[in-house]
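Pasting input-v4.cif here (mmCIF, C-alpha atoms):
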data_work
#
loop_
_atom_site.label_atom_id
_atom_site.label_comp_id
_atom_site.auth_asym_id
_atom_site.auth_seq_id
_atom_site.Cartn_x
_atom_site.Cartn_y
_atom_site.Cartn_z
CA MET A 1 -29.81 0.25 12.10
CA THR A 2 -28.17 2.11 9.21
CA LEU A 3 -27.88 0.42 5.82
CA TYR A 4 -24.64 1.54 4.20
CA HIS A 5 -24.30 1.30 0.42
CA PHE A 6 -20.77 1.67 -1.01
CA VAL A 7 -20.51 3.05 -4.56
CA GLY A 8 -17.28 1.41 -5.76
CA ILE A 9 -16.96 -1.18 -2.98
CA LYS A 10 -14.09 -3.03 -4.70
CA GLY A 11 -11.70 -0.10 -4.24
CA SER A 12 -9.01 -1.01 -1.72
CA GLY A 13 -9.94 1.65 0.84
CA MET A 14 -13.67 1.21 0.26
CA SER A 15 -13.44 -2.56 0.67
CA ALA A 16 -11.55 -2.15 3.94
CA LEU A 17 -14.02 0.42 5.32
CA ALA A 18 -16.98 -1.78 4.37
CA GLN A 19 -15.43 -4.64 6.34
CA ILE A 20 -14.84 -2.41 9.37
CA LEU A 21 -18.49 -1.27 9.49
CA PHE A 22 -19.67 -4.85 8.94
CA ASP A 23 -17.51 -6.06 11.84
CA MET A 24 -19.09 -3.38 14.02
CA GLY A 25 -22.56 -4.80 13.39
CA GLU A 26 -23.74 -2.47 10.63
CA THR A 27 -25.64 -3.62 7.53
CA VAL A 28 -23.38 -3.19 4.51
CA GLN A 29 -23.67 -3.73 0.77
CA GLY A 30 -22.03 -2.18 -2.27
CA SER A 31 -21.73 -2.00 -6.03
CA ASP A 32 -18.97 -1.90 -8.61
CA ILE A 33 -18.02 -2.93 -12.14
CA GLU A 34 -18.24 -6.68 -12.77
CA LYS A 35 -14.51 -7.16 -13.44
CA GLU A 36 -12.90 -9.21 -10.68
CA PHE A 37 -10.55 -7.49 -8.20
CA PHE A 38 -8.33 -8.99 -5.50
CA THR A 39 -10.31 -7.10 -2.83
CA GLU A 40 -13.46 -9.16 -3.48
CA LYS A 41 -12.39 -12.29 -1.62
CA SER A 42 -12.50 -10.71 1.86
CA LEU A 43 -15.87 -9.06 1.15
CA ARG A 44 -17.46 -12.28 -0.07
CA GLU A 45 -16.03 -14.29 2.84
CA LYS A 46 -17.93 -11.99 5.20
CA GLY A 47 -21.12 -12.31 3.17
CA ILE A 48 -21.17 -8.67 2.05
CA THR A 49 -23.36 -8.27 -1.04
CA ILE A 50 -21.62 -6.93 -4.18
CA LEU A 51 -23.97 -5.71 -6.94
CA PRO A 52 -23.29 -4.50 -10.49
CA PHE A 53 -23.67 -0.73 -10.84
CA ASN A 54 -27.33 0.19 -11.31
CA GLN A 55 -29.35 3.18 -10.14
CA GLU A 56 -32.00 0.73 -8.93
CA ASN A 57 -29.57 -0.37 -6.18
CA ILE A 58 -30.26 2.92 -4.39
CA LYS A 59 -33.24 2.81 -2.04
CA GLU A 60 -34.89 5.06 0.53
CA GLY A 61 -33.21 5.10 3.94
CA MET A 62 -29.70 4.19 2.77
CA THR A 63 -26.54 6.05 3.71
CA ILE A 64 -24.30 6.29 0.65
CA ILE A 65 -20.50 6.18 0.83
CA ALA A 66 -19.03 7.10 -2.54
CA GLY A 67 -15.59 6.07 -3.75
CA ASN A 68 -13.23 8.82 -4.84
CA ALA A 69 -13.00 7.38 -8.37
CA PHE A 70 -16.65 8.14 -9.14
CA ASN A 71 -17.92 11.61 -9.99
CA ASP A 72 -21.23 13.15 -8.96
CA ASP A 73 -22.70 12.28 -12.39
CA HIS A 74 -22.45 8.53 -11.65
CA GLU A 75 -25.92 6.99 -12.01
CA GLU A 76 -26.08 5.73 -8.41
CA ILE A 77 -24.94 9.03 -6.93
CA VAL A 78 -27.43 10.93 -9.11
CA ARG A 79 -30.21 8.61 -7.91
CA ALA A 80 -29.17 9.06 -4.28
CA HIS A 81 -29.43 12.83 -4.60
CA GLU A 82 -32.84 12.48 -6.26
CA LEU A 83 -34.04 10.54 -3.23
CA GLY A 84 -32.56 13.12 -0.85
CA LEU A 85 -30.11 10.63 0.66
CA THR A 86 -26.88 11.55 2.45
CA VAL A 87 -23.89 10.95 0.16
CA THR A 88 -20.48 11.05 1.86
CA ARG A 89 -17.15 10.68 0.11
CA TYR A 90 -14.89 7.89 1.38
CA HIS A 91 -12.19 10.18 2.77
CA ASP A 92 -14.73 12.45 4.49
CA PHE A 93 -16.50 9.50 6.14
CA LEU A 94 -13.19 8.04 7.33
CA GLY A 95 -12.12 11.43 8.69
CA ASN A 96 -15.20 11.58 10.92
CA PHE A 97 -15.10 7.88 11.84
CA MET A 98 -11.63 7.89 13.39
CA GLY A 99 -12.55 10.48 16.03
CA GLN A 100 -13.63 7.74 18.45
CA TYR A 101 -10.11 6.26 18.66
CA THR A 102 -6.49 7.23 19.22
CA SER A 103 -5.67 7.27 15.52
CA VAL A 104 -2.43 6.71 13.65
CA ALA A 105 -2.27 7.73 9.98
CA VAL A 106 0.38 6.04 7.86
CA THR A 107 1.36 8.05 4.81
CA GLY A 108 4.28 8.55 2.45
CA SER A 109 4.98 8.08 -1.24
CA HIS A 110 6.02 4.42 -0.74
CA GLY A 111 5.53 1.79 1.94
CA LYS A 112 2.15 2.94 3.27
CA THR A 113 0.37 -0.40 2.96
CA SER A 114 3.19 -2.54 4.35
CA THR A 115 3.71 -0.17 7.28
CA THR A 116 -0.01 0.06 8.09
CA GLY A 117 -0.26 -3.73 8.04
CA LEU A 118 2.76 -4.03 10.31
CA LEU A 119 1.51 -1.30 12.67
CA SER A 120 -1.92 -2.87 13.11
CA HIS A 121 -0.43 -6.33 13.66
CA VAL A 122 2.14 -5.15 16.21
CA MET A 123 -0.21 -2.86 18.15
CA ASN A 124 -2.75 -5.68 18.38
CA GLY A 125 -0.03 -7.67 20.14
CA ASP A 126 -0.75 -5.51 23.20
CA LYS A 127 -3.85 -3.29 22.69
CA LYS A 128 -6.99 -3.75 20.58
CA THR A 129 -6.51 -1.88 17.33
CA SER A 130 -8.98 -1.53 14.47
CA TYR A 131 -7.39 -0.94 11.09
CA LEU A 132 -7.85 0.00 7.46
CA ILE A 133 -5.11 -1.10 5.05
CA GLY A 134 -4.68 -0.20 1.40
CA ASP A 135 -4.60 -3.85 0.35
CA GLY A 136 -8.38 -3.93 0.83
CA THR A 137 -8.22 -5.31 4.37
CA GLY A 138 -10.16 -3.77 7.25
CA MET A 139 -11.13 -4.88 10.73
CA GLY A 140 -13.42 -3.16 13.21
CA MET A 141 -12.53 -4.71 16.56
CA PRO A 142 -15.08 -4.11 19.34
CA GLY A 143 -13.53 -2.27 22.27
CA SER A 144 -10.59 -0.94 20.25
CA GLU A 145 -8.50 1.85 21.74
CA TYR A 146 -6.57 2.50 18.55
CA PHE A 147 -7.25 2.93 14.84
CA ALA A 148 -4.38 2.45 12.36
CA PHE A 149 -5.12 3.51 8.80
CA GLU A 150 -3.49 4.19 5.48
CA ALA A 151 -3.74 7.83 4.35
CA CYS A 152 -3.19 8.49 0.65
CA GLU A 153 -1.67 11.71 -0.65
CA TYR A 154 -3.29 11.42 -4.10
CA ARG A 155 -5.45 14.49 -4.80
CA ARG A 156 -4.59 15.52 -1.22
CA HIS A 157 -7.28 13.19 0.15
CA PHE A 158 -5.32 12.83 3.41
CA LEU A 159 -6.19 16.44 4.28
CA SER A 160 -9.64 15.13 5.32
CA TYR A 161 -8.05 13.51 8.37
CA SER A 162 -6.98 14.90 11.76
CA PRO A 163 -5.16 11.93 13.33
CA ASP A 164 -3.44 11.84 16.70
CA TYR A 165 -0.22 10.59 15.12
CA ALA A 166 1.15 10.36 11.60
CA ILE A 167 3.91 8.12 10.30
CA ILE A 168 5.53 9.54 7.15
CA THR A 169 7.72 6.93 5.45
CA ASN A 170 9.20 9.15 2.71
CA ILE A 171 8.40 11.85 0.16
CA ASP A 172 8.96 11.13 -3.53
CA PHE A 173 7.52 12.38 -6.80
CA ASP A 174 4.62 10.21 -7.94
CA HIS A 175 1.11 10.64 -9.38
CA PRO A 176 2.34 12.90 -12.20
CA ASP A 177 -1.25 13.10 -13.45
CA TYR A 178 -2.05 15.21 -10.37
CA PHE A 179 1.09 16.63 -8.75
CA ALA A 180 2.90 19.28 -10.79
CA SER A 181 6.35 18.89 -9.22
CA MET A 182 8.34 17.58 -6.27
CA SER A 183 7.63 20.82 -4.40
CA ASP A 184 3.90 20.31 -4.98
CA VAL A 185 4.16 16.84 -3.38
CA PHE A 186 6.20 18.24 -0.46
CA ASN A 187 3.67 21.02 0.13
CA ALA A 188 0.86 18.46 0.34
CA PHE A 189 2.71 16.53 3.07
CA GLN A 190 3.61 19.76 4.84
CA GLU A 191 -0.07 20.72 4.86
CA MET A 192 -1.00 17.27 6.17
CA THR A 193 1.33 17.53 9.19
CA LYS A 194 -0.53 20.67 10.30
CA LYS A 195 -3.59 18.48 10.93
CA VAL A 196 -1.81 15.97 13.22
CA LYS A 197 -2.64 16.43 16.92
CA LYS A 198 0.10 14.75 19.00
CA ALA A 199 3.27 13.88 17.05
CA VAL A 200 4.75 13.08 13.66
CA VAL A 201 6.99 10.02 13.29
CA ALA A 202 9.10 10.55 10.15
CA CYS A 203 12.01 8.87 8.40
CA GLY A 204 14.94 11.16 9.12
CA ASP A 205 17.06 9.57 6.39
CA ASP A 206 14.71 11.07 3.79
CA GLU A 207 16.15 14.43 2.72
CA HIS A 208 12.73 15.98 2.07
CA LEU A 209 11.26 14.99 5.43
CA ARG A 210 14.00 16.90 7.24
CA ASP A 211 12.46 20.09 5.82
CA ILE A 212 9.01 19.44 7.32
CA LYS A 213 7.92 22.05 9.89
CA ALA A 214 5.37 21.27 12.61
CA ASP A 215 4.05 22.79 15.84
CA ILE A 216 4.05 19.33 17.43
CA PRO A 217 7.05 17.06 18.10
CA ILE A 218 8.64 15.28 15.13
CA TYR A 219 10.34 12.01 16.06
CA TYR A 220 12.84 11.04 13.38
CA TYR A 221 13.87 7.41 12.82
CA GLY A 222 16.40 5.81 10.48
CA PHE A 223 19.93 4.45 10.12
CA LYS A 224 21.76 7.77 10.50
CA GLU A 225 23.08 8.78 13.92
CA ASP A 226 21.26 12.12 13.98
CA ASN A 227 17.85 10.42 14.31
CA LYS A 228 16.09 10.01 17.65
CA VAL A 229 15.41 6.31 16.93
CA VAL A 230 18.23 4.48 15.16
CA ALA A 231 18.67 0.94 13.82
CA LYS A 232 22.17 -0.53 14.10
CA ASN A 233 24.00 -3.84 13.65
CA MET A 234 21.61 -5.33 11.10
CA LYS A 235 22.05 -9.04 10.38
CA THR A 236 20.33 -11.02 7.63
CA THR A 237 19.35 -14.48 8.86
CA PRO A 238 17.17 -17.30 7.50
CA GLN A 239 14.46 -16.07 9.91
CA GLY A 240 14.56 -12.48 8.63
CA THR A 241 16.46 -9.35 9.65
CA GLN A 242 17.75 -8.77 13.18
CA PHE A 243 18.67 -5.27 14.35
CA GLU A 244 19.30 -3.21 17.47
CA VAL A 245 17.26 -0.11 18.25
CA TYR A 246 18.80 2.90 19.97
CA ILE A 247 16.64 5.73 21.34
CA ASP A 248 18.42 9.01 22.16
CA GLY A 249 21.74 7.19 21.83
CA GLU A 250 20.88 4.46 24.37
CA LEU A 251 20.34 0.81 23.46
CA PHE A 252 16.61 0.14 23.73
CA ASP A 253 16.32 -3.50 22.60
CA THR A 254 17.04 -6.03 19.85
CA PHE A 255 14.26 -6.90 17.39
CA ILE A 256 13.73 -9.27 14.47
CA THR A 257 11.41 -8.90 11.49
CA PRO A 258 10.69 -11.81 9.12
CA MET A 259 11.12 -9.33 6.23
CA TYR A 260 14.23 -8.47 4.22
CA GLY A 261 15.68 -5.19 3.02
CA ASP A 262 16.52 -1.79 4.51
CA HIS A 263 13.03 -0.44 3.80
CA GLN A 264 11.47 -3.20 5.93
CA VAL A 265 13.69 -2.27 8.88
CA LEU A 266 12.71 1.38 8.44
CA ASN A 267 9.02 0.39 8.49
CA ALA A 268 9.65 -1.55 11.71
CA LEU A 269 11.41 1.45 13.28
CA ALA A 270 8.39 3.66 12.58
CA VAL A 271 6.09 1.14 14.25
CA ILE A 272 8.41 0.65 17.24
CA THR A 273 8.53 4.44 17.70
CA ILE A 274 4.71 4.75 17.79
CA CYS A 275 4.45 1.86 20.26
CA HIS A 276 7.15 3.43 22.46
CA LEU A 277 5.41 6.82 22.44
CA GLU A 278 2.13 5.19 23.49
CA GLY A 279 3.80 3.07 26.19
CA LEU A 280 2.85 -0.31 24.75
CA ASP A 281 4.42 -3.39 26.34
CA ASN A 282 7.74 -3.89 24.55
CA ALA A 283 7.84 -7.67 25.04
CA ALA A 284 4.46 -7.89 23.27
CA VAL A 285 5.71 -5.56 20.53
CA LYS A 286 8.81 -7.74 19.95
CA ARG A 287 6.73 -10.93 19.75
CA ALA A 288 4.23 -9.44 17.32
CA LEU A 289 6.93 -7.94 15.08
CA SER A 290 8.62 -11.33 14.74
CA THR A 291 5.37 -12.99 13.58
CA PHE A 292 4.25 -10.49 10.92
CA GLY A 293 3.24 -12.32 7.75
CA GLY A 294 2.99 -9.39 5.35
CA VAL A 295 0.02 -7.87 3.51
CA LYS A 296 -1.77 -8.69 0.26
CA ARG A 297 0.14 -8.05 -2.96
CA ARG A 298 3.30 -7.05 -1.07
CA PHE A 299 5.92 -9.77 -1.59
CA SER A 300 3.25 -12.51 -1.52
CA GLU A 301 5.05 -15.79 -2.15
CA LYS A 302 4.09 -19.24 -3.36
CA ILE A 303 6.09 -22.22 -4.62
CA GLN A 304 5.30 -23.87 -7.95
CA ASP A 305 7.50 -26.77 -9.02
CA GLU A 306 11.05 -25.55 -8.38
CA GLN A 307 10.24 -21.87 -8.79
CA ILE A 308 9.23 -19.26 -6.23
CA LEU A 309 6.49 -16.95 -7.54
CA ILE A 310 6.12 -13.54 -5.89
CA ASP A 311 3.24 -11.11 -6.41
CA ASP A 312 4.04 -7.49 -5.54
CA TYR A 313 2.25 -4.16 -6.00
CA ALA A 314 5.48 -2.27 -6.84
CA HIS A 315 4.58 0.30 -9.50
CA HIS A 316 7.12 3.12 -9.00
CA PRO A 317 10.88 2.86 -9.72
CA THR A 318 11.75 3.34 -6.03
CA GLU A 319 9.42 0.48 -5.04
CA ILE A 320 10.72 -1.84 -7.79
CA LYS A 321 14.31 -1.23 -6.67
CA ALA A 322 13.47 -1.96 -3.02
CA THR A 323 11.50 -5.10 -3.93
CA LEU A 324 14.26 -6.51 -6.14
CA GLN A 325 16.88 -5.77 -3.46
CA SER A 326 14.74 -7.65 -0.93
CA VAL A 327 14.42 -10.74 -3.12
CA HIS A 328 18.18 -10.82 -3.76
CA LEU A 329 18.77 -10.68 0.01
CA LYS A 330 16.27 -13.42 0.76
CA TYR A 331 17.26 -15.71 -2.13
CA PRO A 332 20.91 -14.88 -2.89
CA GLU A 333 21.51 -18.17 -4.75
CA ARG A 334 18.58 -17.86 -7.18
CA LYS A 335 18.14 -15.93 -10.40
CA VAL A 336 15.46 -13.22 -10.29
CA ILE A 337 13.07 -12.88 -13.24
CA ALA A 338 11.00 -9.67 -13.27
CA VAL A 339 7.60 -9.59 -14.99
CA PHE A 340 6.46 -5.96 -14.89
CA GLN A 341 3.32 -4.14 -16.00
CA PRO A 342 3.59 -0.32 -15.95
CA HIS A 343 0.60 1.43 -14.36
CA THR A 344 -0.75 4.52 -16.19
CA PHE A 345 0.77 6.22 -19.23
CA SER A 346 1.52 9.40 -17.27
CA ARG A 347 3.65 7.53 -14.70
CA THR A 348 5.39 5.46 -17.40
CA SER A 349 6.25 8.58 -19.39
CA ALA A 350 7.48 10.53 -16.34
CA PHE A 351 9.73 7.72 -15.06
CA LEU A 352 10.68 5.84 -18.23
CA GLU A 353 14.46 5.81 -17.64
CA ASP A 354 14.04 5.28 -13.88
CA PHE A 355 11.88 2.22 -14.55
CA ALA A 356 14.55 0.84 -16.86
CA ASN A 357 17.34 1.41 -14.33
CA SER A 358 15.44 -0.17 -11.43
CA LEU A 359 14.43 -3.22 -13.49
CA LYS A 360 18.07 -3.83 -14.44
CA LEU A 361 18.51 -5.24 -10.91
CA ALA A 362 16.72 -8.37 -12.19
CA ASP A 363 18.56 -11.08 -14.11
CA LYS A 364 15.91 -11.06 -16.85
CA VAL A 365 12.99 -8.72 -17.56
CA TYR A 366 9.63 -9.40 -19.21
CA LEU A 367 7.23 -6.51 -19.85
CA CYS A 368 3.44 -6.41 -20.20
CA ASP A 369 1.47 -3.75 -22.04
CA ILE A 370 0.90 -0.53 -20.07
CA PHE A 371 -2.20 -0.63 -17.85
CA GLY A 372 -3.84 2.69 -18.71
CA SER A 373 -6.23 4.82 -16.71
CA ALA A 374 -9.59 5.93 -18.04
CA ARG A 375 -8.61 9.47 -17.02
CA GLU A 376 -5.70 9.80 -19.45
CA ASP A 377 -4.68 9.80 -23.08
CA SER A 378 -2.04 7.25 -24.09
CA GLY A 379 -0.46 9.52 -26.69
CA GLU A 380 2.35 7.89 -28.67
CA LEU A 381 3.82 5.95 -25.73
CA THR A 382 3.96 2.15 -25.89
CA ILE A 383 5.64 -0.59 -23.89
CA GLY A 384 8.26 -0.72 -26.64
CA ASP A 385 9.63 2.62 -25.41
CA LEU A 386 10.56 0.95 -22.12
CA GLN A 387 11.70 -2.30 -23.71
CA ILE A 388 14.45 -0.66 -25.78
CA LEU A 389 16.00 0.81 -22.60
CA ILE A 390 16.44 -2.61 -20.93
CA PRO A 391 18.98 -4.98 -22.51
CA GLY A 392 17.39 -8.33 -23.36
CA ALA A 393 13.89 -7.36 -22.20
CA GLU A 394 11.06 -9.29 -23.87
CA LEU A 395 7.29 -8.75 -24.08
CA ILE A 396 4.93 -11.20 -22.40
CA ASN A 397 1.18 -11.76 -22.29
CA GLU A 398 -1.25 -14.51 -21.39
CA SER A 399 -0.54 -16.44 -24.60
CA ASN A 400 3.25 -16.78 -24.20
CA VAL A 401 3.71 -17.15 -20.42
CA ASN A 402 5.34 -20.52 -21.08
CA LEU A 403 8.54 -18.50 -21.63
CA LEU A 404 8.92 -18.42 -17.84
CA LYS A 405 9.19 -22.22 -17.62
CA GLN A 406 12.81 -22.15 -18.78
CA TYR A 407 14.03 -20.62 -15.48
CA LYS A 408 13.98 -23.83 -13.46
CA ASP A 409 14.81 -22.73 -9.90
CA ALA A 410 14.41 -18.97 -10.24
CA VAL A 411 12.34 -16.43 -8.35
CA VAL A 412 9.71 -15.00 -10.70
CA MET A 413 8.45 -11.55 -9.61
CA PHE A 414 5.08 -10.34 -10.93
CA MET A 415 5.02 -6.58 -10.28
CA GLY A 416 2.50 -3.83 -10.98
CA ALA A 417 -0.64 -2.04 -9.80
CA GLY A 418 -2.91 -2.96 -12.73
CA ASP A 419 -4.08 -6.47 -13.59
CA ILE A 420 -0.66 -8.17 -13.65
CA GLN A 421 -2.25 -11.02 -11.66
CA LYS A 422 -3.85 -12.31 -14.87
CA ILE A 423 -0.35 -13.11 -16.18
CA GLN A 424 0.53 -14.98 -13.00
CA VAL A 425 -2.78 -16.89 -13.06
CA ALA A 426 -2.24 -17.86 -16.71
CA TYR A 427 1.26 -19.09 -15.84
CA GLU A 428 0.08 -21.07 -12.80
CA ASN A 429 -2.64 -22.72 -14.93
CA LEU A 430 -0.23 -23.99 -17.61
CA LYS A 431 -0.44 -27.76 -18.03
#

Show me this structure written as structure tokens.
Amino acid sequence: MTLYHFVGIKGSGMSALAQILFDMGETVQGSDIEKEFFTEKSLREKGITILPFNQENIKEGMTIIAGNAFNDDHEEIVRAHELGLTVTRYHDFLGNFMGQYTSVAVTGSHGKTSTTGLLSHVMNGDKKTSYLIGDGTGMGMPGSEYFAFEACEYRRHFLSYSPDYAIITNIDFDHPDYFASMSDVFNAFQEMTKKVKKAVVACGDDEHLRDIKADIPIYYYGFKEDNKVVAKNMKTTPQGTQFEVYIDGELFDTFITPMYGDHQVLNALAVITICHLEGLDNAAVKRALSTFGGVKRRFSEKIQDEQILIDDYAHHPTEIKATLQSVHLKYPERKVIAVFQPHTFSRTSAFLEDFANSLKLADKVYLCDIFGSAREDSGELTIGDLQILIPGAELINESNVNLLKQYKDAVVMFMGAGDIQKIQVAYENLK
């Protein structure tokens, strides 16, 4: 039996892959920095060993899977090479692994994690589907026919994959530390579609996706009539969002998702299209869609006193806008308080005014210091540069979270991709 050692096991993709291999009966362990991450809980619940980084962790006979965040000069990777061990990068290992299934890659600038979670849940309503989700969740189901996985465009890592299908939710400019321009981002997605074997399922309402060229069929979905799969007659109800689906102009069926907002209906359309193409039982698809509970750090709700606290990974202006629109739809009578932590100085600088405009959808905004990346220089930028663009915005940290107590029956949104959870934890622990 192979012993797999994951260098950087707390990474969201790495954590999910470790769980998949563990579920399939492999022996798995890993290492990482000692700071706590939200991905740890699932690993520890399965009894997967997590060690602090140390070259002594690397032993003869191991197969090493290295996270993309760690260079070849990392002490454990150096030691592995000294021992003559096989070291495989995460995206390369995943690319080889999926060959045993009918695979569906979910990619796009926004919505990847939510759509992958929804896809795996809905497909499992009819056929066994293993999955890898960017919230750190993975499941290797014995006897699976399908594999649903999140494919990230950052540094073009998704070019390591040759899936049967690809869902592309949208194309937007992000990761300004890597991509040079919008055309650079588009070219990466265009290159990715060349590797898809059977079909691309793409949001036809996205202006950039209409320019994608492929030698395989492209099935467009959306709200506009010129799509192959169209959602119509949306209704917001206490149970979620109900909508009709038309395929090639003919009514296919009526569905309901417990989620709120146009982007959630678009995600559901993508999933319904894949299931239709693969001939899954539609009654099972409808049932599963109506019972989807969401994924980690995507609109995760809890009630504390009279407030509703929501944790969300939104870290790009487009995502913040969609998240705030969703909360206004779900809780139209409540005030919405946004607590936002920008993620990376490069993204904050590139989208400063866009961040301000999207956050103005909240009734009140609190800002945390920018969560920087070790790969970048902060320059002169500070959180104050964003604060002055948002009327009434205030700064918040762990020592003054009591400011949030004044909003008695509000929805308090904690948004960001860094360690924004520490602010929420400090607030929940107030006496």

**Report entry** Result set of the PyMOL selection byres ((chain A and resi 170) around 7) on the coordinates above, as a PyMOL selection string
**Finding:** chain A and resi 108-110+168-169+171-172+203+206+209

Requested in this report: Specify as a PyMOL selection string each residue included when the PyMOL selection byres ((chain A and resi 10) around 12) is applied to this file.
Outcome: chain A and resi 6-9+11-19+29-44+48-53+66-69+134-137

Query raised in the report: Got a sec to resolve the PyMOL selection byres ((chain A and resi 229-243) around 10) on this structure and send the residues as a count of residues only?
Result: 44

Requested in this report: With a distance cut-off of 7 Å and only C-alpha atoms, select the neighbouring residues of Ile308 of chain A, excluding the residue or stretch itself and same-chain residues fewer than 3 positions from it, and output the selection as a VMD selection string.
Outcome: chain A and resid 301 to 304 410 to 412

Query - Given all atoms listed in the file as the counted atoms, nearest of A:Ser114, A:Arg79, A:His121, A:Val271 to Tyr165 of chain A - result: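 Nearest candidate to Tyr165 of chain A out of A:Ser114, A:Arg79, A:His121, A:Val271: A:Val271.
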
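Relative to atom CA of Tyr161 of chain A, atom CA of Asp215 of chain A is found at 17.0 Å.
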
Query raised in the report: Which distance in Å separates atom CA of Glu76 of chain A and atom CA of Phe93 of chain A, to one decimal?
Result: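 Going from atom CA of Glu76 of chain A over to atom CA of Phe93 of chain A, I get 17.8 Å.
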
Requested in this report: For segment 384-395 of chain A, work out the shell of residues within 10 Å, counting only C-alpha atoms and skipping chain neighbours fewer than 4 positions away, then give it as a list in words.
Outcome: Ala338, Val339, Phe340, Pro342, Thr348, Ser349, Phe351, Leu352, Glu353, Asp354, Phe355, Ala356, Asn357, Ser358, Leu359, Lys360, Asp363, Lys364, Val365, Tyr366, Leu367, Cys368, Asp369, Ile370, Glu380, Asn400, Val401 and Leu403 of chain A

Query raised in the report: Asp164 of chain A: which residues within 10 Å, counting all atoms listed in the file, same-chain residues fewer than 5 positions away excluded, as a PyMOL selection string?
Result: chain A and resi 98-99+101-105+147+195-200

Query raised in the report: Using all atoms listed in the file, what residues lie at most 10 Å away from (11.9, 17.8, 1.5) (file coordinates), given as an NGL selection string?
Result: :A and (170-172 or 182-183 or 185-187 or 189-190 or 206-212)
